$ cat my_file.tsv   # TSV, C-alpha atoms and all ligand atoms
chain	number	residue	atom	x	y	z
A	127	MET	CA	-44.90	-56.79	-69.17
A	128	ILE	CA	-48.07	-58.51	-68.03
A	129	ASP	CA	-50.11	-60.40	-70.63
A	130	LEU	CA	-53.40	-58.71	-69.70
A	131	SER	CA	-55.47	-60.87	-72.07
A	132	LYS	CA	-54.92	-63.76	-69.64
A	133	TYR	CA	-56.93	-61.98	-66.96
A	134	LEU	CA	-59.11	-59.06	-68.11
A	135	ARG	CA	-62.83	-59.35	-68.81
A	136	CYS	CA	-64.96	-56.56	-70.27
A	137	PRO	CA	-66.83	-54.71	-67.50
A	138	HIS	CA	-69.78	-54.19	-69.90
A	139	CYS	CA	-70.30	-57.60	-71.47
A	140	GLY	CA	-67.93	-59.95	-69.61
A	141	ALA	CA	-66.11	-61.01	-72.82
A	142	PRO	CA	-62.34	-61.64	-72.79
A	143	MET	CA	-60.19	-58.64	-73.66
A	144	ARG	CA	-57.06	-58.23	-75.72
A	145	VAL	CA	-54.57	-55.44	-76.18
A	146	THR	CA	-54.54	-53.96	-79.70
A	147	GLU	CA	-51.43	-54.38	-81.85
A	148	ASN	CA	-50.48	-50.72	-81.50
A	149	GLN	CA	-50.64	-51.21	-77.67
A	150	LYS	CA	-52.96	-48.19	-77.37
A	151	SER	CA	-56.19	-49.86	-76.22
A	152	ALA	CA	-57.77	-52.93	-74.72
A	153	VAL	CA	-60.80	-54.22	-76.65
A	154	CYS	CA	-63.27	-56.94	-75.82
A	155	ASP	CA	-64.29	-59.81	-78.05
A	156	GLY	CA	-68.01	-59.29	-77.38
A	157	ALA	CA	-70.04	-60.53	-80.33
A	158	ALA	CA	-72.20	-57.50	-81.17
A	159	LYS	CA	-70.27	-54.47	-79.99
A	160	LYS	CA	-66.55	-54.31	-79.24
A	161	HIS	CA	-65.99	-52.26	-76.10
A	162	CYS	CA	-62.77	-50.33	-76.24
A	163	PHE	CA	-60.69	-48.79	-73.42
A	164	ASP	CA	-57.66	-46.63	-74.15
A	165	PHE	CA	-54.53	-46.81	-72.01
A	166	SER	CA	-53.83	-43.50	-70.27
A	167	SER	CA	-50.52	-41.80	-70.90
A	168	SER	CA	-49.36	-43.16	-67.51
A	169	GLY	CA	-50.23	-46.68	-68.69
A	170	TYR	CA	-53.38	-47.57	-66.72
A	171	LEU	CA	-56.88	-48.52	-67.92
A	172	ASN	CA	-60.09	-46.92	-66.70
A	173	PHE	CA	-63.00	-49.38	-66.44
A	174	SER	CA	-65.22	-47.31	-64.16
A	175	THR	CA	-68.60	-45.87	-65.00
A	176	PRO	CA	-69.17	-42.16	-64.18
A	177	SER	CA	-71.35	-43.01	-61.16
A	178	GLN	CA	-68.75	-45.42	-59.73
A	179	SER	CA	-65.78	-43.08	-60.03
A	180	ALA	CA	-67.51	-40.61	-57.69
A	181	SER	CA	-66.91	-43.09	-54.82
A	182	GLY	CA	-63.13	-43.34	-55.19
A	183	ASP	CA	-60.76	-41.31	-53.01
A	184	SER	CA	-60.29	-37.65	-53.94
A	185	LYS	CA	-57.11	-36.05	-55.24
A	186	GLU	CA	-56.46	-34.49	-51.78
A	187	ALA	CA	-56.95	-37.81	-49.93
A	188	VAL	CA	-54.57	-39.53	-52.34
A	189	ARG	CA	-52.00	-36.74	-52.00
A	190	SER	CA	-51.91	-36.96	-48.18
A	191	ARG	CA	-51.84	-40.75	-48.15
A	192	THR	CA	-48.99	-40.73	-50.66
A	193	ALA	CA	-47.02	-38.26	-48.52
A	194	PHE	CA	-47.47	-40.48	-45.47
A	195	LEU	CA	-46.85	-43.86	-47.12
A	196	GLU	CA	-43.76	-42.63	-48.94
A	197	SER	CA	-42.20	-41.86	-45.55
A	198	ASP	CA	-42.18	-45.69	-45.17
A	199	SER	CA	-43.79	-45.39	-41.73
A	200	TYR	CA	-45.94	-48.39	-42.72
A	201	LEU	CA	-43.07	-50.39	-44.25
A	202	GLY	CA	-43.38	-53.01	-41.49
A	203	ILE	CA	-47.00	-53.64	-42.50
A	204	SER	CA	-46.07	-53.80	-46.17
A	205	GLU	CA	-43.24	-56.28	-45.55
A	206	SER	CA	-45.48	-58.54	-43.54
A	207	ILE	CA	-48.11	-58.57	-46.31
A	208	THR	CA	-45.43	-59.27	-48.95
A	209	ASP	CA	-44.08	-62.14	-46.81
A	210	SER	CA	-47.57	-63.69	-46.78
A	211	VAL	CA	-47.86	-63.37	-50.56
A	212	LEU	CA	-44.46	-65.03	-51.03
A	213	LYS	CA	-45.37	-67.78	-48.57
A	214	HIS	CA	-48.63	-68.68	-50.31
A	215	CYS	CA	-48.10	-67.86	-54.01
A	216	ASN	CA	-45.56	-68.75	-56.64
A	217	GLY	CA	-45.71	-67.17	-60.07
A	218	GLY	CA	-49.48	-66.68	-60.46
A	219	LEU	CA	-51.61	-63.52	-60.38
A	220	VAL	CA	-51.99	-61.39	-57.24
A	221	ILE	CA	-54.84	-58.84	-57.25
A	222	ASP	CA	-54.69	-55.85	-54.90
A	223	ALA	CA	-58.37	-54.95	-54.42
A	224	GLY	CA	-58.67	-51.28	-53.40
A	225	CYS	CA	-54.98	-50.62	-54.07
A	226	GLY	CA	-55.09	-46.83	-53.54
A	227	GLU	CA	-51.86	-45.34	-54.86
A	228	GLY	CA	-50.21	-48.74	-55.17
A	229	TYR	CA	-47.76	-48.49	-52.27
A	230	TYR	CA	-48.32	-52.10	-51.17
A	231	THR	CA	-48.96	-53.34	-54.74
A	232	ASN	CA	-45.63	-52.11	-56.09
A	233	ASN	CA	-43.79	-53.30	-52.98
A	234	ILE	CA	-45.23	-56.80	-53.49
A	235	ALA	CA	-44.40	-56.73	-57.22
A	236	GLN	CA	-40.76	-55.85	-56.53
A	237	LYS	CA	-40.29	-59.09	-54.57
A	238	TYR	CA	-42.73	-61.41	-56.38
A	239	ASN	CA	-42.01	-63.56	-59.43
A	240	GLY	CA	-45.53	-63.25	-60.89
A	241	ASP	CA	-48.07	-60.64	-62.02
A	242	VAL	CA	-49.67	-58.11	-59.67
A	243	ILE	CA	-52.73	-56.06	-60.69
A	244	GLY	CA	-54.18	-53.28	-58.53
A	245	PHE	CA	-57.77	-52.05	-58.88
A	246	ASP	CA	-59.18	-48.95	-57.25
A	247	LEU	CA	-62.09	-46.62	-57.97
A	248	SER	CA	-59.89	-43.56	-57.48
A	249	LYS	CA	-58.31	-42.57	-60.77
A	250	TYR	CA	-55.96	-40.31	-58.80
A	251	GLY	CA	-54.74	-43.29	-56.78
A	252	VAL	CA	-54.38	-45.50	-59.85
A	253	GLU	CA	-52.58	-42.79	-61.81
A	254	HIS	CA	-50.06	-42.35	-59.00
A	255	ALA	CA	-49.61	-46.14	-58.77
A	256	ALA	CA	-48.95	-46.50	-62.52
A	257	LYS	CA	-46.49	-43.60	-62.52
A	258	ALA	CA	-44.65	-44.99	-59.47
A	259	ALA	CA	-44.32	-48.38	-61.18
A	260	ARG	CA	-42.80	-46.73	-64.26
A	261	LYS	CA	-40.47	-44.60	-62.19
A	262	LYS	CA	-39.18	-47.65	-60.34
A	263	ALA	CA	-39.07	-49.74	-63.56
A	264	ILE	CA	-41.43	-52.35	-62.11
A	265	SER	CA	-42.69	-54.37	-65.08
A	266	ASN	CA	-44.86	-56.96	-63.28
A	267	SER	CA	-47.45	-54.57	-61.80
A	268	PHE	CA	-50.42	-53.08	-63.64
A	269	PHE	CA	-53.22	-50.79	-62.48
A	270	ALA	CA	-56.80	-50.13	-63.52
A	271	VAL	CA	-59.65	-47.99	-62.29
A	272	GLY	CA	-62.44	-50.41	-61.40
A	273	SER	CA	-64.78	-51.43	-58.62
A	274	VAL	CA	-63.89	-54.17	-56.17
A	275	PHE	CA	-67.57	-55.15	-56.24
A	276	GLU	CA	-67.25	-56.15	-59.93
A	277	LEU	CA	-63.60	-56.81	-60.70
A	278	PRO	CA	-63.04	-56.75	-64.49
A	279	VAL	CA	-61.23	-60.11	-64.51
A	280	GLY	CA	-62.27	-63.68	-65.24
A	281	GLY	CA	-63.26	-66.26	-62.62
A	282	GLU	CA	-60.60	-68.27	-60.78
A	283	CYS	CA	-57.68	-66.35	-62.28
A	284	ALA	CA	-55.90	-65.19	-59.10
A	285	ASP	CA	-53.60	-67.06	-56.72
A	286	ALA	CA	-54.16	-64.30	-54.16
A	287	VAL	CA	-56.35	-61.28	-53.52
A	288	VAL	CA	-54.82	-58.71	-51.21
A	289	ASN	CA	-57.20	-56.31	-49.47
A	290	ILE	CA	-55.66	-53.58	-47.33
A	291	PHE	CA	-57.81	-51.04	-45.45
A	292	ALA	CA	-60.32	-51.21	-48.34
A	293	PRO	CA	-63.81	-52.70	-48.74
A	294	CYS	CA	-63.74	-56.48	-48.38
A	295	VAL	CA	-66.20	-58.12	-50.80
A	296	GLU	CA	-65.95	-61.81	-50.00
A	297	LYS	CA	-68.24	-63.09	-52.75
A	298	GLU	CA	-66.45	-61.19	-55.54
A	299	TYR	CA	-62.98	-62.06	-54.23
A	300	ALA	CA	-63.96	-65.74	-53.96
A	301	ARG	CA	-65.15	-65.61	-57.59
A	302	VAL	CA	-61.77	-64.42	-58.89
A	303	MET	CA	-59.63	-66.64	-56.61
A	304	LYS	CA	-58.36	-69.99	-57.88
A	305	LYS	CA	-59.32	-73.00	-55.80
A	306	GLY	CA	-56.64	-73.22	-53.12
A	307	GLY	CA	-55.92	-69.47	-53.55
A	308	VAL	CA	-55.73	-67.06	-50.64
A	309	LEU	CA	-57.31	-63.80	-49.56
A	310	ILE	CA	-54.99	-61.64	-47.46
A	311	THR	CA	-56.77	-58.88	-45.52
A	312	ALA	CA	-55.20	-56.12	-43.44
A	313	GLY	CA	-57.19	-53.93	-41.08
A	314	ALA	CA	-56.90	-51.97	-37.87
A	315	GLY	CA	-56.32	-53.94	-34.67
A	316	GLU	CA	-57.84	-52.69	-31.42
A	317	ASP	CA	-54.92	-50.39	-30.51
A	318	HIS	CA	-54.18	-49.06	-34.00
A	319	LEU	CA	-53.37	-45.31	-33.81
A	320	LEU	CA	-54.38	-45.08	-30.14
A	321	GLY	CA	-51.71	-42.43	-29.46
A	322	LEU	CA	-53.03	-40.32	-32.35
A	323	LYS	CA	-56.59	-40.56	-31.02
A	324	LYS	CA	-55.43	-39.65	-27.49
A	325	ALA	CA	-53.75	-36.53	-28.86
A	326	ILE	CA	-56.95	-35.38	-30.57
A	327	TYR	CA	-59.82	-36.53	-28.34
A	328	ASP	CA	-60.61	-36.39	-24.59
A	329	THR	CA	-62.14	-39.85	-24.67
A	330	THR	CA	-60.79	-42.69	-26.79
A	331	TYR	CA	-62.13	-46.14	-27.59
A	332	LYS	CA	-60.42	-49.26	-28.84
A	333	ASN	CA	-61.13	-50.19	-32.46
A	334	THR	CA	-63.60	-52.98	-33.08
A	335	GLU	CA	-63.21	-55.50	-35.89
A	336	ARG	CA	-64.60	-54.41	-39.25
A	337	ASP	CA	-67.92	-56.01	-40.13
A	338	ASP	CA	-67.11	-57.02	-43.73
A	339	MET	CA	-64.67	-59.81	-42.82
A	340	PRO	CA	-65.12	-63.07	-44.78
A	341	LYS	CA	-67.59	-65.56	-43.36
A	342	ASP	CA	-67.36	-68.49	-45.77
A	343	LEU	CA	-63.68	-68.62	-46.75
A	344	LYS	CA	-61.55	-70.67	-44.34
A	345	LEU	CA	-59.32	-68.70	-41.94
A	346	LEU	CA	-55.80	-70.18	-42.24
A	347	GLU	CA	-53.66	-67.78	-40.25
A	348	GLU	CA	-53.81	-64.54	-38.33
A	349	LYS	CA	-50.83	-62.33	-37.48
A	350	ARG	CA	-50.33	-58.89	-35.99
A	351	VAL	CA	-47.94	-56.13	-36.91
A	352	SER	CA	-47.43	-53.95	-33.82
A	353	TYR	CA	-44.86	-51.25	-33.18
A	354	LEU	CA	-44.55	-47.74	-31.80
A	355	LEU	CA	-44.39	-45.09	-34.54
A	356	LYS	CA	-42.68	-41.79	-33.81
A	357	LEU	CA	-43.43	-38.82	-36.06
A	358	ASP	CA	-41.66	-35.52	-35.65
A	359	ASN	CA	-43.42	-33.09	-37.93
A	360	ASN	CA	-46.95	-31.78	-38.24
A	361	GLU	CA	-47.21	-32.46	-41.96
A	362	LEU	CA	-46.75	-36.21	-41.54
A	363	ILE	CA	-49.03	-36.33	-38.50
A	364	SER	CA	-51.75	-34.47	-40.44
A	365	SER	CA	-51.30	-36.77	-43.45
A	366	LEU	CA	-51.68	-39.80	-41.20
A	367	PHE	CA	-54.80	-38.33	-39.58
A	368	SER	CA	-56.37	-37.61	-42.97
A	369	MET	CA	-56.02	-41.31	-43.89
A	370	THR	CA	-58.19	-42.36	-40.98
A	371	PRO	CA	-61.98	-42.53	-40.74
A	372	TYR	CA	-61.74	-40.05	-37.78
A	373	PHE	CA	-60.77	-37.29	-40.22
A	374	TYR	CA	-64.38	-37.10	-41.40
A	375	ARG	CA	-65.88	-37.15	-37.89
A	376	THR	CA	-63.69	-34.61	-36.12
A	377	GLY	CA	-64.89	-31.19	-35.03
A	378	GLU	CA	-63.12	-27.85	-34.85
A	379	SER	CA	-61.44	-28.48	-31.48
A	380	GLY	CA	-59.92	-31.74	-32.73
A	381	PHE	CA	-58.43	-30.04	-35.79
A	382	LYS	CA	-57.07	-27.29	-33.55
A	383	ARG	CA	-55.27	-29.90	-31.43
A	384	LEU	CA	-54.01	-31.59	-34.58
A	385	ALA	CA	-52.59	-28.31	-35.91
A	386	GLU	CA	-50.60	-27.88	-32.67
A	387	LEU	CA	-48.94	-31.31	-32.78
A	388	ASP	CA	-45.26	-31.23	-33.74
A	389	SER	CA	-44.44	-34.72	-32.54
A	390	LEU	CA	-46.39	-37.87	-31.89
A	391	GLU	CA	-45.84	-41.40	-30.62
A	392	THR	CA	-48.57	-43.77	-31.59
A	393	GLU	CA	-49.28	-47.47	-31.58
A	394	ILE	CA	-49.40	-49.26	-34.91
A	395	ASP	CA	-51.52	-52.37	-34.55
A	396	VAL	CA	-52.58	-54.06	-37.76
A	397	VAL	CA	-54.24	-57.45	-38.05
A	398	ILE	CA	-53.43	-59.50	-41.13
A	399	LYS	CA	-55.67	-62.48	-41.85
A	400	ILE	CA	-55.19	-65.14	-44.47
A	401	PHE	CA	-58.19	-67.08	-45.78
A	402	ARG	CA	-58.15	-69.97	-48.23
A	403	LYS	CA	-60.66	-70.88	-50.91
A	404	GLU	CA	-61.00	-74.62	-50.50
A	405	GLU	CA	-60.15	-77.02	-53.36
A	501	LIG	C1	-58.21	-46.41	-46.96
A	501	LIG	S1	-57.85	-46.52	-48.68
A	501	LIG	C2	-56.65	-47.83	-48.74
A	501	LIG	C3	-55.83	-47.82	-49.98
A	501	LIG	C4	-54.64	-48.79	-49.99
A	501	LIG	N1	-55.05	-50.18	-49.93
A	501	LIG	C5	-53.72	-48.46	-48.84
A	501	LIG	O1	-53.85	-49.09	-47.77
A	501	LIG	O2	-52.88	-47.58	-49.01
A	501	LIG	C6	-59.33	-47.26	-49.32
A	501	LIG	C7	-59.31	-47.34	-50.84
A	501	LIG	O3	-60.46	-48.05	-51.27
A	501	LIG	C8	-60.90	-47.44	-52.48
A	501	LIG	N2	-62.28	-47.85	-52.71
A	501	LIG	C9	-63.39	-47.54	-51.98
A	501	LIG	N3	-64.47	-48.17	-52.51
A	501	LIG	C10	-64.03	-48.86	-53.58
A	501	LIG	C11	-64.66	-49.71	-54.55
A	501	LIG	N4	-65.97	-49.97	-54.50
A	501	LIG	N5	-63.91	-50.27	-55.51
A	501	LIG	C12	-62.57	-50.02	-55.58
A	501	LIG	N6	-61.91	-49.24	-54.70
A	501	LIG	C13	-62.64	-48.68	-53.72
A	501	LIG	C14	-60.68	-45.96	-52.26
A	501	LIG	O4	-60.63	-45.22	-53.48
A	501	LIG	C15	-59.35	-45.97	-51.52
A	501	LIG	O5	-58.25	-45.86	-52.42
A	502	ZN	ZN	-67.53	-55.81	-74.05

$ encode --input "my_file.tsv" --output "structure tokens"
Amino acid sequence: MIDLSKYLRCPHCGAPMRVTENQKSAVCDGAAKKHCFDFSSSGYLNFSTPSQSASGDSKEAVRSRTAFLESDSYLGISESITDSVLKHCNGGLVIDAGCGEGYYTNNIAQKYNGDVIGFDLSKYGVEHAAKAARKKAISNSFFAVGSVFELPVGGECADAVVNIFAPCVEKEYARVMKKGGVLITAGAGEDHLLGLKKAIYDTTYKNTERDDMPKDLKLLEEKRVSYLLKLDNNELISSLFSMTPYFYRTGESGFKRLAELDSLETEIDVVIKIFRKEE
């Protein structure tokens, strides 16, 4: 079990938080008003405000991503991220910022000898993550609904922040990282999912680098995970497509082509970058 009081800060007043004796809630030590958050039956905490939670991924998006990730088609990416965590951290806190349904978070926790906390605005993602951790008896991961723009944790508490296909908020991540800690980002390389795009569109373009990459943290290392992924059923191909930004920009003809695909070979090309917060 993670000692949450070491890390959590109240999202309303910034005061340290502790878990009540009956283990039902987390309360803050704010002077005037004690803010109280109840653990859900699946074991996660919800720190989001009603306006924030509207921006998290929907139940349907989470369901398709879960179906795809649980096929372990992205296991190579996950293993490479876990290797980087193990290389740079030993025993301290790892935060997964924008953890979705906790696929990478729980995979890291299973190999890591420290605490791993995943935050995401999607309560559907976080609920799945917490349930998966219980099912696999993983005791060193914990999940909370919260924004990566205002992580409900104290300053300089994390040895690493992991940020996989989710918004990268350099200033906030640098606030929560210890000096000497690392930020590990994963995003699409130029050929990522090229085969999928070719199957759907007449004209395809290479991906360009995302524009929210850190500017002030020091780049230590860059590596690429590249392989050819073969999928042999439409359900998995559709789940993969729905995880991509193209899903929201595709017209009727694209969806028609997608519906007709029973097999697919596509490039996986993911760029993992490791940045350090200097001492
Ligand atoms: C493409 S998904 C990636 C999820 C997970 N890292 C993965 O790769 O499986 C992006 C995630 O970012 C989350 N997200 C978007 N904006 C967020 C915010 N401001 N704070 C926390 N999570 C956010 C979404 O809910 C979604 O789960
Ligand atoms: Zn408070």

$ closest_residue --input "my_file.tsv" --among "A:Leu390, A:Ala256, A:Ala286, A:Val308" --to "A:Asp222" --atoms "all atoms listed in the file"
A:Ala286

$ residues_around --input "my_file.tsv" --residues "stretch 161-170 of chain A" --least-positions-apart "5" --cutoff "7 Å" --atoms "only C-alpha atoms" --output "list in words"
Lys150, Ser151, Ala152, Val153, Cys154, Glu253, Ala256, Lys257, Phe268, Phe269 and Ala270 of chain A

$ atom_distance --input "my_file.tsv" --atom1 "atom C5 of ligand LIG 501 (chain A)" --atom2 "atom CA of A:Arg336"
15.7 Å

$ closest_residue --input "my_file.tsv" --among "A:Leu134, A:Val145, A:Met339, A:Ala187" --to "ligand LIG 501 (chain A)" --atoms "all atoms listed in the file"
A:Ala187

$ residues_near_ligand --input "my_file.tsv" --ligand "ligand ZN 502 (chain A)" --cutoff "9 Å" --atoms "only C-alpha atoms and all ligand atoms" --output "list in words"
Arg135, Cys136, Pro137, His138, Cys139, Gly140, Ala141, Pro142, Met143, Val153, Cys154, Asp155, Gly156, Ala157, Ala158, Lys159, Lys160, His161 and Cys162 of chain A

$ closest_residue --input "my_file.tsv" --among "A:Tyr238, A:Tyr133, A:Phe381, A:Phe194" --to "ligand LIG 501 (chain A)" --atoms "only C-alpha atoms and all ligand atoms"
A:Phe194

$ atom_distance --input "my_file.tsv" --atom1 "atom CA of A:Arg301" --atom2 "atom CA of A:Val220"
13.8 Å

$ residues_near_ligand --input "my_file.tsv" --ligand "ligand LIG 501 (chain A)" --cutoff "8 Å" --atoms "all atoms listed in the file" --output "ChimeraX atom specification"
/A:178,181-184,188,191,195,222-230,245-248,251,271-275,289-293,369-370

$ residues_around --input "my_file.tsv" --residues "A:Val302" --least-positions-apart "4" --cutoff "6 Å" --atoms "all atoms listed in the file" --output "ChimeraX atom specification"
/A:281-284

$ residues_near_point --input "my_file.tsv" --point "(-61.6, -73.6, -50.8)" --cutoff "6 Å" --atoms "only C-alpha atoms" --output "list in words"
Lys305, Gly306, Arg402, Lys403, Glu404 and Glu405 of chain A

$ atom_distance --input "my_file.tsv" --atom1 "atom CA of A:Tyr331" --atom2 "atom CA of A:Leu387"
20.5 Å

$ residues_near_point --input "my_file.tsv" --point "(-44.6, -29.4, -35.8)" --cutoff "7 Å" --atoms "all atoms listed in the file" --output "list in words"
Asp358, Asn359, Asn360, Glu386, Leu387, Asp388 and Ser389 of chain A

$ closest_residue --input "my_file.tsv" --among "A:Arg350, A:Lys261, A:Lys297, A:Lys324" --to "A:Asp338" --atoms "all atoms listed in the file"
A:Lys297

$ residues_around --input "my_file.tsv" --residues "A:Leu212" --least-positions-apart "3" --cutoff "10 Å" --atoms "only C-alpha atoms" --output "PyMOL selection string"
chain A and resi 206-209+215-217+234+237-239

$ write_last_selection --input "my_file.tsv" --atoms "C-alpha atoms" --output "mmCIF file, in the frame of the given file"
data_model
loop_
_atom_site.group_PDB
_atom_site.id
_atom_site.type_symbol
_atom_site.label_atom_id
_atom_site.label_comp_id
_atom_site.auth_asym_id
_atom_site.auth_seq_id
_atom_site.Cartn_x
_atom_site.Cartn_y
_atom_site.Cartn_z
ATOM 1 C CA SER A 206 -45.480 -58.540 -43.540
ATOM 2 C CA ILE A 207 -48.110 -58.570 -46.310
ATOM 3 C CA THR A 208 -45.430 -59.270 -48.950
ATOM 4 C CA ASP A 209 -44.080 -62.140 -46.810
ATOM 5 C CA CYS A 215 -48.100 -67.860 -54.010
ATOM 6 C CA ASN A 216 -45.560 -68.750 -56.640
ATOM 7 C CA GLY A 217 -45.710 -67.170 -60.070
ATOM 8 C CA ILE A 234 -45.230 -56.800 -53.490
ATOM 9 C CA LYS A 237 -40.290 -59.090 -54.570
ATOM 10 C CA TYR A 238 -42.730 -61.410 -56.380
ATOM 11 C CA ASN A 239 -42.010 -63.560 -59.430
#

$ residues_around --input "my_file.tsv" --residues "A:Glu393" --least-positions-apart "2" --cutoff "8 Å" --atoms "all atoms listed in the file" --output "JSON, numbers by chain"
{"A": [317, 318, 319, 320, 321, 352, 353, 354, 355, 391, 395]}

$ closest_residue --input "my_file.tsv" --among "A:Lys132, A:Arg383, A:Lys185, A:Lys262" --to "A:Ala235" --atoms "all atoms listed in the file"
A:Lys262

$ residues_around --input "my_file.tsv" --residues "A:Val351" --least-positions-apart "3" --cutoff "10 Å" --atoms "only C-alpha atoms" --output "ChimeraX atom specification"
/A:200,202-207,312,314-315,318,394-398

$ closest_residue --input "my_file.tsv" --among "A:Ala193, A:Val279, A:Ala300, A:Cys294" --to "A:Asp337" --atoms "only C-alpha atoms"
A:Cys294
